[in-house]
file model28.cif (mmCIF, C-alpha atoms)
data_my_file
loop_
_atom_site.group_PDB
_atom_site.id
_atom_site.type_symbol
_atom_site.label_atom_id
_atom_site.label_comp_id
_atom_site.auth_asym_id
_atom_site.auth_seq_id
_atom_site.Cartn_x
_atom_site.Cartn_y
_atom_site.Cartn_z
ATOM 1 C CA MET A 1 59.404 98.120 174.791
ATOM 2 C CA GLU A 2 62.138 98.483 172.184
ATOM 3 C CA ILE A 3 64.315 95.934 173.976
ATOM 4 C CA LEU A 4 61.404 93.501 174.046
ATOM 5 C CA LEU A 5 60.805 94.001 170.320
ATOM 6 C CA GLN A 6 64.505 93.512 169.566
ATOM 7 C CA LYS A 7 64.464 90.227 171.470
ATOM 8 C CA ILE A 8 61.386 89.120 169.526
ATOM 9 C CA GLN A 9 63.063 90.094 166.274
ATOM 10 C CA ASN A 10 65.956 87.826 167.281
ATOM 11 C CA GLY A 11 63.540 84.931 167.856
ATOM 12 C CA ASP A 12 63.210 85.027 171.657
ATOM 13 C CA GLN A 13 59.990 83.103 172.351
ATOM 14 C CA ASN A 14 59.767 84.147 176.011
ATOM 15 C CA SER A 15 59.825 87.809 174.997
ATOM 16 C CA PHE A 16 57.101 87.106 172.453
ATOM 17 C CA LYS A 17 54.976 85.432 175.158
ATOM 18 C CA GLU A 18 55.429 88.487 177.366
ATOM 19 C CA PHE A 19 54.469 90.772 174.474
ATOM 20 C CA TYR A 20 51.469 88.569 173.695
ATOM 21 C CA HIS A 21 50.230 88.810 177.296
ATOM 22 C CA LEU A 22 50.627 92.598 177.230
ATOM 23 C CA TYR A 23 48.411 93.074 174.194
ATOM 24 C CA PHE A 24 46.171 90.054 173.668
ATOM 25 C CA PHE A 25 43.209 91.126 175.795
ATOM 26 C CA LYS A 26 43.164 94.653 174.362
ATOM 27 C CA LEU A 27 43.261 93.366 170.798
ATOM 28 C CA TYR A 28 40.663 90.730 171.594
ATOM 29 C CA GLN A 29 38.300 93.416 172.890
ATOM 30 C CA PHE A 30 38.960 95.579 169.838
ATOM 31 C CA ALA A 31 38.177 92.686 167.473
ATOM 32 C CA TYR A 32 35.032 91.969 169.495
ATOM 33 C CA SER A 33 33.780 95.503 168.859
ATOM 34 C CA PHE A 34 33.653 94.571 165.151
ATOM 35 C CA VAL A 35 32.647 90.899 165.030
ATOM 36 C CA HIS A 36 30.629 90.427 168.266
ATOM 37 C CA SER A 37 31.861 86.865 168.705
ATOM 38 C CA LYS A 38 34.219 85.812 171.452
ATOM 39 C CA GLU A 39 35.621 82.857 169.507
ATOM 40 C CA THR A 40 36.143 84.844 166.308
ATOM 41 C CA SER A 41 37.708 87.739 168.241
ATOM 42 C CA GLU A 42 40.134 85.336 169.877
ATOM 43 C CA GLU A 43 41.004 83.833 166.488
ATOM 44 C CA ILE A 44 41.577 87.254 164.933
ATOM 45 C CA ALA A 45 43.828 88.409 167.769
ATOM 46 C CA ASN A 46 45.784 85.152 167.680
ATOM 47 C CA ASP A 47 46.137 85.339 163.887
ATOM 48 C CA VAL A 48 47.561 88.850 164.172
ATOM 49 C CA PHE A 49 50.115 87.617 166.700
ATOM 50 C CA LEU A 50 50.968 84.609 164.551
ATOM 51 C CA ASN A 51 51.476 86.882 161.549
ATOM 52 C CA LEU A 52 53.667 89.164 163.663
ATOM 53 C CA TRP A 53 55.799 86.204 164.789
ATOM 54 C CA GLN A 54 56.181 85.005 161.222
ATOM 55 C CA LYS A 55 57.356 88.478 160.162
ATOM 56 C CA LYS A 56 59.433 89.106 163.285
ATOM 57 C CA GLU A 57 62.556 89.955 161.252
ATOM 58 C CA THR A 58 60.813 93.072 159.908
ATOM 59 C CA LEU A 59 59.743 94.484 163.291
ATOM 60 C CA SER A 60 62.322 97.270 163.140
ATOM 61 C CA SER A 61 60.570 98.724 160.081
ATOM 62 C CA ILE A 62 57.312 99.283 162.034
ATOM 63 C CA ASN A 63 57.008 102.849 163.352
ATOM 64 C CA SER A 64 54.440 102.156 166.070
ATOM 65 C CA ILE A 65 53.815 98.565 167.087
ATOM 66 C CA GLN A 66 50.576 99.517 168.861
ATOM 67 C CA VAL A 67 49.097 101.178 165.789
ATOM 68 C CA TYR A 68 50.289 98.256 163.668
ATOM 69 C CA LEU A 69 48.532 95.747 165.948
ATOM 70 C CA TYR A 70 45.260 97.657 166.159
ATOM 71 C CA VAL A 71 45.135 98.349 162.411
ATOM 72 C CA SER A 72 45.903 94.670 161.742
ATOM 73 C CA VAL A 73 43.039 93.616 164.015
ATOM 74 C CA LYS A 74 40.714 96.146 162.407
ATOM 75 C CA ASN A 75 41.598 94.927 158.900
ATOM 76 C CA ALA A 76 41.309 91.258 159.875
ATOM 77 C CA SER A 77 37.930 91.938 161.498
ATOM 78 C CA LEU A 78 36.613 93.779 158.452
ATOM 79 C CA ASN A 79 37.897 90.993 156.173
ATOM 80 C CA TYR A 80 36.116 88.423 158.340
ATOM 81 C CA LEU A 81 32.848 90.377 158.144
ATOM 82 C CA ARG A 82 33.096 90.726 154.351
ATOM 83 C CA LYS A 83 34.033 87.059 153.867
ATOM 84 C CA HIS A 84 31.000 85.923 155.870
ATOM 85 C CA ASN A 85 28.629 88.491 154.307
ATOM 86 C CA LEU A 86 28.013 90.185 157.646
ATOM 87 C CA PRO A 87 27.289 93.913 157.972
ATOM 88 C CA VAL A 88 30.493 95.939 157.896
ATOM 89 C CA PRO A 89 30.455 99.038 160.133
ATOM 90 C CA VAL A 90 30.366 102.151 157.979
ATOM 91 C CA SER A 91 31.658 104.407 160.726
ATOM 92 C CA VAL A 92 33.077 104.286 164.214
ATOM 93 C CA ASP A 93 29.597 105.005 165.544
ATOM 94 C CA ASP A 94 28.469 101.577 164.321
ATOM 95 C CA LEU A 95 30.981 99.738 166.520
ATOM 96 C CA CYS A 96 29.779 98.276 169.798
ATOM 97 C CA VAL A 97 32.354 98.299 172.568
ATOM 98 C CA ASP A 98 31.710 95.915 175.413
ATOM 99 C CA HIS A 99 33.673 96.062 178.613
ATOM 100 C CA PHE A 100 34.917 92.743 179.879
ATOM 101 C CA PRO A 101 35.790 92.591 183.563
ATOM 102 C CA LEU A 102 39.479 92.303 184.260
ATOM 103 C CA VAL A 103 40.669 89.669 186.697
ATOM 104 C CA ALA A 104 42.223 91.277 189.760
ATOM 105 C CA ASN A 105 43.176 90.536 193.341
ATOM 106 C CA PRO A 106 40.079 89.014 195.077
ATOM 107 C CA GLU A 107 40.417 91.338 198.084
ATOM 108 C CA LEU A 108 40.620 94.346 195.809
ATOM 109 C CA LEU A 109 37.580 93.146 193.871
ATOM 110 C CA LEU A 110 35.537 92.894 197.058
ATOM 111 C CA THR A 111 36.326 96.444 198.136
ATOM 112 C CA GLN A 112 35.915 98.046 194.724
ATOM 113 C CA ARG A 113 33.126 95.988 193.121
ATOM 114 C CA GLU A 114 30.383 98.590 193.582
ATOM 115 C CA LEU A 115 32.502 101.459 192.258
ATOM 116 C CA GLN A 116 33.635 99.405 189.267
ATOM 117 C CA GLN A 117 30.050 98.440 188.474
ATOM 118 C CA GLN A 118 28.892 102.064 188.588
ATOM 119 C CA ILE A 119 31.757 103.153 186.347
ATOM 120 C CA ARG A 120 31.061 100.317 183.881
ATOM 121 C CA GLU A 121 27.397 101.278 183.745
ATOM 122 C CA ALA A 122 28.328 104.917 183.179
ATOM 123 C CA ILE A 123 30.718 103.949 180.349
ATOM 124 C CA GLU A 124 27.990 101.825 178.748
ATOM 125 C CA GLN A 125 25.758 104.916 178.623
ATOM 126 C CA LEU A 126 28.266 106.746 176.402
ATOM 127 C CA PRO A 127 27.563 107.026 172.678
ATOM 128 C CA PRO A 128 29.422 104.339 170.678
ATOM 129 C CA ARG A 129 32.174 106.584 169.296
ATOM 130 C CA CYS A 130 32.835 108.190 172.690
ATOM 131 C CA ARG A 131 32.950 104.762 174.316
ATOM 132 C CA LEU A 132 35.446 103.397 171.771
ATOM 133 C CA VAL A 133 37.696 106.467 171.936
ATOM 134 C CA PHE A 134 37.534 106.408 175.743
ATOM 135 C CA LYS A 135 38.495 102.730 175.822
ATOM 136 C CA LEU A 136 41.412 103.100 173.409
ATOM 137 C CA VAL A 137 42.828 106.209 175.107
ATOM 138 C CA LYS A 138 42.066 105.655 178.781
ATOM 139 C CA GLU A 139 42.017 101.876 179.099
ATOM 140 C CA ASP A 140 44.412 100.769 176.363
ATOM 141 C CA GLY A 141 46.782 103.729 176.798
ATOM 142 C CA LEU A 142 46.977 104.778 173.155
ATOM 143 C CA SER A 143 47.774 108.361 172.192
ATOM 144 C CA TYR A 144 45.255 110.576 170.423
ATOM 145 C CA LYS A 145 47.344 110.359 167.263
ATOM 146 C CA GLN A 146 47.419 106.558 167.419
ATOM 147 C CA VAL A 147 43.648 106.343 167.950
ATOM 148 C CA ALA A 148 43.072 108.775 165.084
ATOM 149 C CA SER A 149 45.239 106.619 162.838
ATOM 150 C CA ILE A 150 43.518 103.383 163.870
ATOM 151 C CA LEU A 151 39.969 104.694 163.488
ATOM 152 C CA ASP A 152 40.592 106.968 160.483
ATOM 153 C CA LEU A 153 39.592 110.069 162.441
ATOM 154 C CA SER A 154 41.295 113.409 162.932
ATOM 155 C CA VAL A 155 43.211 113.999 166.158
ATOM 156 C CA LYS A 156 40.808 116.856 166.883
ATOM 157 C CA THR A 157 37.840 114.465 166.602
ATOM 158 C CA VAL A 158 39.521 112.041 169.014
ATOM 159 C CA ASP A 159 40.139 114.915 171.424
ATOM 160 C CA SER A 160 36.555 116.185 171.223
ATOM 161 C CA GLN A 161 35.116 112.659 171.604
ATOM 162 C CA LEU A 162 37.259 112.043 174.678
ATOM 163 C CA CYS A 163 36.268 115.405 176.180
ATOM 164 C CA LEU A 164 32.626 114.571 175.529
ATOM 165 C CA ALA A 165 33.060 111.131 177.125
ATOM 166 C CA LEU A 166 34.717 112.585 180.223
ATOM 167 C CA LYS A 167 32.028 115.272 180.620
ATOM 168 C CA LYS A 168 29.255 112.693 180.311
ATOM 169 C CA LEU A 169 30.965 110.349 182.778
ATOM 170 C CA ALA A 170 31.439 113.190 185.253
ATOM 171 C CA ALA A 171 27.776 114.138 184.942
ATOM 172 C CA ILE A 172 26.638 110.537 185.427
ATOM 173 C CA LEU A 173 28.974 109.750 188.331
ATOM 174 C CA GLN A 174 28.888 113.111 190.162
ATOM 175 C CA PRO A 175 25.493 112.614 191.871
ATOM 176 C CA ILE A 176 26.690 109.244 193.198
ATOM 177 C CA TYR A 177 29.750 110.690 194.954
ATOM 178 C CA ILE A 178 28.573 114.047 196.283
#
call {"tool": "encode", "arguments": {"input": "model28.cif", "output": "structure tokens"}}
result
Amino acid sequence: MEILLQKIQNGDQNSFKEFYHLYFFKLYQFAYSFVHSKETSEEIANDVFLNLWQKKETLSSINSIQVYLYVSVKNASLNYLRKHNLPVPVSVDDLCVDHFPLVANPELLLTQRELQQQIREAIEQLPPRCRLVFKLVKEDGLSYKQVASILDLSVKTVDSQLCLALKKLAAILQPIYI
């Protein structure tokens, strides 16, 4: 990742495209949890990337690029909501996380469709905070510390929310696979 960021800092557009493809969908989904609009979420994610490209020379001063991206999306989303006089979430519990299907190999989709649907339905049954923490940690690959920083929570809260999410998922999915 550091090599990719160094190339971007030096103005390598192909490296930036690669970086963009690595993070766009995750950031888009995160923005969507705030603004509930596909077009606006896409705009917010793209604006964050545009801002990053314009400030590419300062990339080396960013401690964690993932946290930087997620916090930027969060701030841009909240600014959008305020600007348009829309309700701003007061806590993480107010966020609504939707799961968008990922495009995969058609053969793989055919063999795993039922399992994926059952897992998606189980995830949708989680409380909002558990669902968001689960998504950021398990699907987006962020660390507990990064998620805590992004959502203004303690690391212990992230840990307990993830444990709660996993217990609830196990309870929901266990009867299906026994």
call {"tool": "closest_residue", "arguments": {"input": "model28.cif", "among": "A:Val73, A:Ile8, A:Met1, A:Cys163", "to": "Tyr32 (chain A)", "atoms": "all atoms listed in the file"}}
result
A:Val73
call {"tool": "residues_near_point", "arguments": {"input": "model28.cif", "point": "(46.9, 94.5, 163.2)", "cutoff": "12 Å", "atoms": "only C-alpha atoms", "output": "PyMOL selection string"}}
result
chain A and resi 23-24+26-28+30-31+44-52+62+64-79+150
call {"tool": "closest_residue", "arguments": {"input": "model28.cif", "among": "A:Glu43, A:His36, A:Leu132, A:Ser60", "to": "Gln9 (chain A)", "atoms": "only C-alpha atoms"}}
result
A:Ser60
call {"tool": "closest_residue", "arguments": {"input": "model28.cif", "among": "A:Gly11, A:Val88, A:Ser33, A:Lys38", "to": "Trp53 (chain A)", "atoms": "only C-alpha atoms"}}
result
A:Gly11
call {"tool": "atom_distance", "arguments": {"input": "model28.cif", "atom1": "CA of Ile172 (chain A)", "atom2": "CA of Phe25 (chain A)"}}
result
27.3 Å
call {"tool": "residues_near_point", "arguments": {"input": "model28.cif", "point": "(37.9, 104.4, 171.9)", "cutoff": "10 Å", "atoms": "only C-alpha atoms", "output": "PDB file with C-alpha atoms, in the coordinates of the input"}}
result
ATOM      1  CA  PHE A  30      38.960  95.579 169.838  1.00  0.00           C
ATOM      2  CA  VAL A  92      33.077 104.286 164.214  1.00  0.00           C
ATOM      3  CA  LEU A  95      30.981  99.738 166.520  1.00  0.00           C
ATOM      4  CA  VAL A  97      32.354  98.299 172.568  1.00  0.00           C
ATOM      5  CA  PRO A 128      29.422 104.339 170.678  1.00  0.00           C
ATOM      6  CA  ARG A 129      32.174 106.584 169.296  1.00  0.00           C
ATOM      7  CA  CYS A 130      32.835 108.190 172.690  1.00  0.00           C
ATOM      8  CA  ARG A 131      32.950 104.762 174.316  1.00  0.00           C
ATOM      9  CA  LEU A 132      35.446 103.397 171.771  1.00  0.00           C
ATOM     10  CA  VAL A 133      37.696 106.467 171.936  1.00  0.00           C
ATOM     11  CA  PHE A 134      37.534 106.408 175.743  1.00  0.00           C
ATOM     12  CA  LYS A 135      38.495 102.730 175.822  1.00  0.00           C
ATOM     13  CA  LEU A 136      41.412 103.100 173.409  1.00  0.00           C
ATOM     14  CA  VAL A 137      42.828 106.209 175.107  1.00  0.00           C
ATOM     15  CA  LYS A 138      42.066 105.655 178.781  1.00  0.00           C
ATOM     16  CA  GLU A 139      42.017 101.876 179.099  1.00  0.00           C
ATOM     17  CA  ASP A 140      44.412 100.769 176.363  1.00  0.00           C
ATOM     18  CA  LEU A 142      46.977 104.778 173.155  1.00  0.00           C
ATOM     19  CA  TYR A 144      45.255 110.576 170.423  1.00  0.00           C
ATOM     20  CA  VAL A 147      43.648 106.343 167.950  1.00  0.00           C
ATOM     21  CA  ALA A 148      43.072 108.775 165.084  1.00  0.00           C
ATOM     22  CA  ILE A 150      43.518 103.383 163.870  1.00  0.00           C
ATOM     23  CA  LEU A 151      39.969 104.694 163.488  1.00  0.00           C
ATOM     24  CA  VAL A 158      39.521 112.041 169.014  1.00  0.00           C
ATOM     25  CA  GLN A 161      35.116 112.659 171.604  1.00  0.00           C
ATOM     26  CA  LEU A 162      37.259 112.043 174.678  1.00  0.00           C
ATOM     27  CA  ALA A 165      33.060 111.131 177.125  1.00  0.00           C
TER      28      ALA A 165
END
call {"tool": "resolve_selection", "arguments": {"input": "model28.cif", "expression": "the PyMOL selection byres ((chain A and resi 16) around 10)", "output": "PDB file with C-alpha atoms, in the coordinates of the input"}}
result
ATOM      1  CA  LEU A   4      61.404  93.501 174.046  1.00  0.00           C
ATOM      2  CA  LEU A   5      60.805  94.001 170.320  1.00  0.00           C
ATOM      3  CA  LYS A   7      64.464  90.227 171.470  1.00  0.00           C
ATOM      4  CA  ILE A   8      61.386  89.120 169.526  1.00  0.00           C
ATOM      5  CA  GLN A   9      63.063  90.094 166.274  1.00  0.00           C
ATOM      6  CA  GLY A  11      63.540  84.931 167.856  1.00  0.00           C
ATOM      7  CA  ASP A  12      63.210  85.027 171.657  1.00  0.00           C
ATOM      8  CA  GLN A  13      59.990  83.103 172.351  1.00  0.00           C
ATOM      9  CA  ASN A  14      59.767  84.147 176.011  1.00  0.00           C
ATOM     10  CA  SER A  15      59.825  87.809 174.997  1.00  0.00           C
ATOM     11  CA  LYS A  17      54.976  85.432 175.158  1.00  0.00           C
ATOM     12  CA  GLU A  18      55.429  88.487 177.366  1.00  0.00           C
ATOM     13  CA  PHE A  19      54.469  90.772 174.474  1.00  0.00           C
ATOM     14  CA  TYR A  20      51.469  88.569 173.695  1.00  0.00           C
ATOM     15  CA  HIS A  21      50.230  88.810 177.296  1.00  0.00           C
ATOM     16  CA  LEU A  22      50.627  92.598 177.230  1.00  0.00           C
ATOM     17  CA  PHE A  49      50.115  87.617 166.700  1.00  0.00           C
ATOM     18  CA  LEU A  52      53.667  89.164 163.663  1.00  0.00           C
ATOM     19  CA  TRP A  53      55.799  86.204 164.789  1.00  0.00           C
ATOM     20  CA  LYS A  56      59.433  89.106 163.285  1.00  0.00           C
TER      21      LYS A  56
END
